[in-house]
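Trainee: Structure incoming, see below.
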Amino acid sequence: MKKNYRRCISCRQVKLKEEFWRIVRVFPSRQVQLNEGMGRSAYICPQGSCLCAAQKKNRLGRSLHTSVPEALYETLWQRLA
């Protein structure tokens with residue numbers, strides 16, 4: 001099978017899908033979740049610099065076309081630590 005590659009929304013590096021965190025805007029409810037659900041997705045590297053830039057410049061919100069709750073960023077920072 002072909003390997004799945006994705007691009008980080010912050011640093012723009014291309015890597016295997018498994019190396020990223022997946023943030024999903026679930027389809028009918030428009031809720032933003034981490035790693036589960038079907039809908040519009042964005043991928044980000046599990047690094048502090050990428051997460052900081054994504055939060056500061058609202059890259060997740062722009063990529064998902066919705067507002068991203070601060071609780072999701074807190075969860076990502078906890079995962080990083």
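Quick note on naming: the chains in the structure tokens go A, B, ... in the order shown, residues restart at 1 in each chain, and ligands are numbered from 1 in order of appearance.
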As a PDB file with all heavy atoms, in the first residue's frame, which residues of region 30-66 of chain A does DSSP assign to strand (DSSP E)?

Mentor:
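selection-v5.pdb was written with the following content:
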ATOM      1  N   VAL A  32     -14.643  20.952  17.372  1.00  0.00           N
ATOM      2  CA  VAL A  32     -13.238  20.676  17.081  1.00  0.00           C
ATOM      3  C   VAL A  32     -12.745  19.648  18.084  1.00  0.00           C
ATOM      4  O   VAL A  32     -12.881  19.839  19.296  1.00  0.00           O
ATOM      5  CB  VAL A  32     -12.409  21.964  17.146  1.00  0.00           C
ATOM      6  CG1 VAL A  32     -10.955  21.666  16.870  1.00  0.00           C
ATOM      7  CG2 VAL A  32     -12.934  22.980  16.156  1.00  0.00           C
ATOM      8  N   GLN A  33     -12.197  18.545  17.575  1.00  0.00           N
ATOM      9  CA  GLN A  33     -11.736  17.456  18.424  1.00  0.00           C
ATOM     10  C   GLN A  33     -10.325  17.051  18.024  1.00  0.00           C
ATOM     11  O   GLN A  33      -9.834  17.417  16.968  1.00  0.00           O
ATOM     12  CB  GLN A  33     -12.646  16.239  18.288  1.00  0.00           C
ATOM     13  CG  GLN A  33     -14.054  16.458  18.739  1.00  0.00           C
ATOM     14  CD  GLN A  33     -14.912  15.223  18.515  1.00  0.00           C
ATOM     15  OE1 GLN A  33     -14.472  14.264  17.892  1.00  0.00           O
ATOM     16  NE2 GLN A  33     -16.125  15.259  19.024  1.00  0.00           N
ATOM     17  N   LEU A  34      -9.749  16.241  18.868  1.00  0.00           N
ATOM     18  CA  LEU A  34      -8.401  15.748  18.638  1.00  0.00           C
ATOM     19  C   LEU A  34      -8.453  14.279  18.247  1.00  0.00           C
ATOM     20  O   LEU A  34      -9.023  13.465  18.973  1.00  0.00           O
ATOM     21  CB  LEU A  34      -7.591  15.929  19.926  1.00  0.00           C
ATOM     22  CG  LEU A  34      -6.104  15.736  19.861  1.00  0.00           C
ATOM     23  CD1 LEU A  34      -5.482  16.695  18.866  1.00  0.00           C
ATOM     24  CD2 LEU A  34      -5.501  15.952  21.225  1.00  0.00           C
ATOM     25  N   GLY A  39     -14.471  14.547   9.116  1.00  0.00           N
ATOM     26  CA  GLY A  39     -14.716  15.940   8.767  1.00  0.00           C
ATOM     27  C   GLY A  39     -13.426  16.585   8.287  1.00  0.00           C
ATOM     28  O   GLY A  39     -12.472  15.917   7.902  1.00  0.00           O
ATOM     29  N   ARG A  40     -13.381  17.888   8.329  1.00  0.00           N
ATOM     30  CA  ARG A  40     -12.209  18.636   7.882  1.00  0.00           C
ATOM     31  C   ARG A  40     -11.082  18.471   8.905  1.00  0.00           C
ATOM     32  O   ARG A  40     -11.293  18.639  10.093  1.00  0.00           O
ATOM     33  CB  ARG A  40     -12.578  20.103   7.734  1.00  0.00           C
ATOM     34  CG  ARG A  40     -11.512  20.927   7.097  1.00  0.00           C
ATOM     35  CD  ARG A  40     -12.079  22.292   6.749  1.00  0.00           C
ATOM     36  NE  ARG A  40     -11.172  23.024   5.915  1.00  0.00           N
ATOM     37  CZ  ARG A  40     -11.091  22.913   4.595  1.00  0.00           C
ATOM     38  NH1 ARG A  40     -11.895  22.094   3.966  1.00  0.00           N
ATOM     39  NH2 ARG A  40     -10.231  23.625   3.903  1.00  0.00           N
ATOM     40  N   SER A  41      -9.890  18.156   8.433  1.00  0.00           N
ATOM     41  CA  SER A  41      -8.763  17.882   9.321  1.00  0.00           C
ATOM     42  C   SER A  41      -7.598  18.826   9.071  1.00  0.00           C
ATOM     43  O   SER A  41      -7.416  19.326   7.964  1.00  0.00           O
ATOM     44  CB  SER A  41      -8.252  16.448   9.111  1.00  0.00           C
ATOM     45  OG  SER A  41      -9.245  15.524   9.393  1.00  0.00           O
ATOM     46  N   ALA A  42      -6.820  19.020  10.114  1.00  0.00           N
ATOM     47  CA  ALA A  42      -5.563  19.751  10.032  1.00  0.00           C
ATOM     48  C   ALA A  42      -4.529  18.945  10.799  1.00  0.00           C
ATOM     49  O   ALA A  42      -4.855  18.287  11.785  1.00  0.00           O
ATOM     50  CB  ALA A  42      -5.705  21.146  10.617  1.00  0.00           C
ATOM     51  N   TYR A  43      -3.301  18.990  10.355  1.00  0.00           N
ATOM     52  CA  TYR A  43      -2.224  18.225  10.980  1.00  0.00           C
ATOM     53  C   TYR A  43      -1.146  19.173  11.463  1.00  0.00           C
ATOM     54  O   TYR A  43      -0.830  20.166  10.804  1.00  0.00           O
ATOM     55  CB  TYR A  43      -1.633  17.230   9.968  1.00  0.00           C
ATOM     56  CG  TYR A  43      -2.613  16.163   9.579  1.00  0.00           C
ATOM     57  CD1 TYR A  43      -3.524  16.366   8.555  1.00  0.00           C
ATOM     58  CD2 TYR A  43      -2.642  14.955  10.253  1.00  0.00           C
ATOM     59  CE1 TYR A  43      -4.441  15.394   8.215  1.00  0.00           C
ATOM     60  CE2 TYR A  43      -3.548  13.966   9.910  1.00  0.00           C
ATOM     61  CZ  TYR A  43      -4.446  14.199   8.896  1.00  0.00           C
ATOM     62  OH  TYR A  43      -5.365  13.234   8.561  1.00  0.00           O
ATOM     63  N   ILE A  44      -0.592  18.850  12.650  1.00  0.00           N
ATOM     64  CA  ILE A  44       0.446  19.694  13.240  1.00  0.00           C
ATOM     65  C   ILE A  44       1.519  18.810  13.873  1.00  0.00           C
ATOM     66  O   ILE A  44       1.212  17.753  14.428  1.00  0.00           O
ATOM     67  CB  ILE A  44      -0.164  20.677  14.266  1.00  0.00           C
ATOM     68  CG1 ILE A  44       0.871  21.698  14.713  1.00  0.00           C
ATOM     69  CG2 ILE A  44      -0.793  19.951  15.423  1.00  0.00           C
ATOM     70  CD1 ILE A  44       0.277  22.868  15.452  1.00  0.00           C
TER      71      ILE A  44
END

Trainee: As a PyMOL selection string, please: the residues near Pro28 (chain A) (cut-off 10 Å, only C-alpha atoms, same-chain neighbours under 3 positions excluded).

Mentor: chain A and resi 25+31+38-39

Trainee: Where does DSSP see alpha helix (DSSP H) in chain A, if you list the residues as a list in words?

Mentor: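 Selecting the alpha helix (DSSP H) positions of chain A gives Gly48, Ser49, Cys50, Leu51, Cys52, Ala53, Ala54, Gln55, Lys56, Arg59, Leu60, Gly61, Arg62, Ser63, Leu64, Glu70, Ala71, Leu72, Tyr73, Glu74, Thr75, Leu76, Trp77, Gln78, Arg79 and Leu80 of chain A.
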
Trainee: Which polymer residues have any atom within 12 Å of an atom of Val14 (chain A), counting only C-alpha atoms, with same-chain residues fewer than 5 positions away left out, as a PDB file with N, CA and C atoms, in the first residue's frame?

Mentor:
ATOM      1  N   ASN A   4       0.739   7.287   3.490  1.00  0.00           N
ATOM      2  CA  ASN A   4       0.000   8.546   3.530  1.00  0.00           C
ATOM      3  C   ASN A   4       0.878   9.645   4.092  1.00  0.00           C
ATOM      4  N   TYR A   5       1.063  10.697   3.321  1.00  0.00           N
ATOM      5  CA  TYR A   5       1.849  11.837   3.747  1.00  0.00           C
ATOM      6  C   TYR A   5       0.931  13.028   3.982  1.00  0.00           C
ATOM      7  N   ARG A   6       1.285  13.839   4.968  1.00  0.00           N
ATOM      8  CA  ARG A   6       0.537  15.053   5.280  1.00  0.00           C
ATOM      9  C   ARG A   6       1.525  16.185   5.509  1.00  0.00           C
ATOM     10  N   ARG A   7       1.001  17.425   5.521  1.00  0.00           N
ATOM     11  CA  ARG A   7       1.828  18.612   5.717  1.00  0.00           C
ATOM     12  C   ARG A   7       1.405  19.326   6.999  1.00  0.00           C
ATOM     13  N   CYS A   8       2.381  19.725   7.793  1.00  0.00           N
ATOM     14  CA  CYS A   8       2.118  20.477   9.023  1.00  0.00           C
ATOM     15  C   CYS A   8       1.608  21.875   8.658  1.00  0.00           C
ATOM     16  N   ILE A   9       0.572  22.332   9.346  1.00  0.00           N
ATOM     17  CA  ILE A   9       0.019  23.652   9.036  1.00  0.00           C
ATOM     18  C   ILE A   9       0.910  24.782   9.532  1.00  0.00           C
ATOM     19  N   GLU A  19       3.067  10.666  12.177  1.00  0.00           N
ATOM     20  CA  GLU A  19       3.986  11.517  12.924  1.00  0.00           C
ATOM     21  C   GLU A  19       3.359  12.832  13.372  1.00  0.00           C
ATOM     22  N   PHE A  20       2.097  13.074  13.014  1.00  0.00           N
ATOM     23  CA  PHE A  20       1.415  14.324  13.332  1.00  0.00           C
ATOM     24  C   PHE A  20       0.299  14.115  14.335  1.00  0.00           C
ATOM     25  N   TYR A  43      -3.301  18.990  10.355  1.00  0.00           N
ATOM     26  CA  TYR A  43      -2.224  18.225  10.980  1.00  0.00           C
ATOM     27  C   TYR A  43      -1.146  19.173  11.463  1.00  0.00           C
ATOM     28  N   ILE A  44      -0.592  18.850  12.650  1.00  0.00           N
ATOM     29  CA  ILE A  44       0.446  19.694  13.240  1.00  0.00           C
ATOM     30  C   ILE A  44       1.519  18.810  13.873  1.00  0.00           C
ATOM     31  N   CYS A  45       2.763  19.244  13.776  1.00  0.00           N
ATOM     32  CA  CYS A  45       3.874  18.508  14.377  1.00  0.00           C
ATOM     33  C   CYS A  45       3.774  18.557  15.894  1.00  0.00           C
TER      34      CYS A  45
END

Trainee: I'd like the neighbourhood of Gly48 (chain A) as a PDB file with N, CA and C atoms, in the first residue's frame, where a residue qualifies if any of its atoms comes within 10 Å (using only C-alpha atoms), though same-chain residues fewer than 6 positions away should be ignored.

Mentor:
ATOM      1  N   ALA A  54       1.175  28.086  15.650  1.00  0.00           N
ATOM      2  CA  ALA A  54      -0.202  27.813  15.252  1.00  0.00           C
ATOM      3  C   ALA A  54      -1.187  28.536  16.153  1.00  0.00           C
ATOM      4  N   LEU A  76      -3.261  20.102  23.932  1.00  0.00           N
ATOM      5  CA  LEU A  76      -2.068  19.869  23.110  1.00  0.00           C
ATOM      6  C   LEU A  76      -0.793  20.209  23.886  1.00  0.00           C
ATOM      7  N   TRP A  77      -0.812  21.292  24.658  1.00  0.00           N
ATOM      8  CA  TRP A  77       0.363  21.650  25.453  1.00  0.00           C
ATOM      9  C   TRP A  77       0.643  20.592  26.514  1.00  0.00           C
ATOM     10  N   LEU A  80       2.301  17.653  24.966  1.00  0.00           N
ATOM     11  CA  LEU A  80       3.686  17.956  24.619  1.00  0.00           C
ATOM     12  C   LEU A  80       4.608  17.803  25.823  1.00  0.00           C
ATOM     13  N   ALA A  81       4.121  18.134  26.999  1.00  0.00           N
ATOM     14  CA  ALA A  81       4.947  18.082  28.213  1.00  0.00           C
ATOM     15  C   ALA A  81       5.201  16.704  28.730  1.00  0.00           C
TER      16      ALA A  81
END
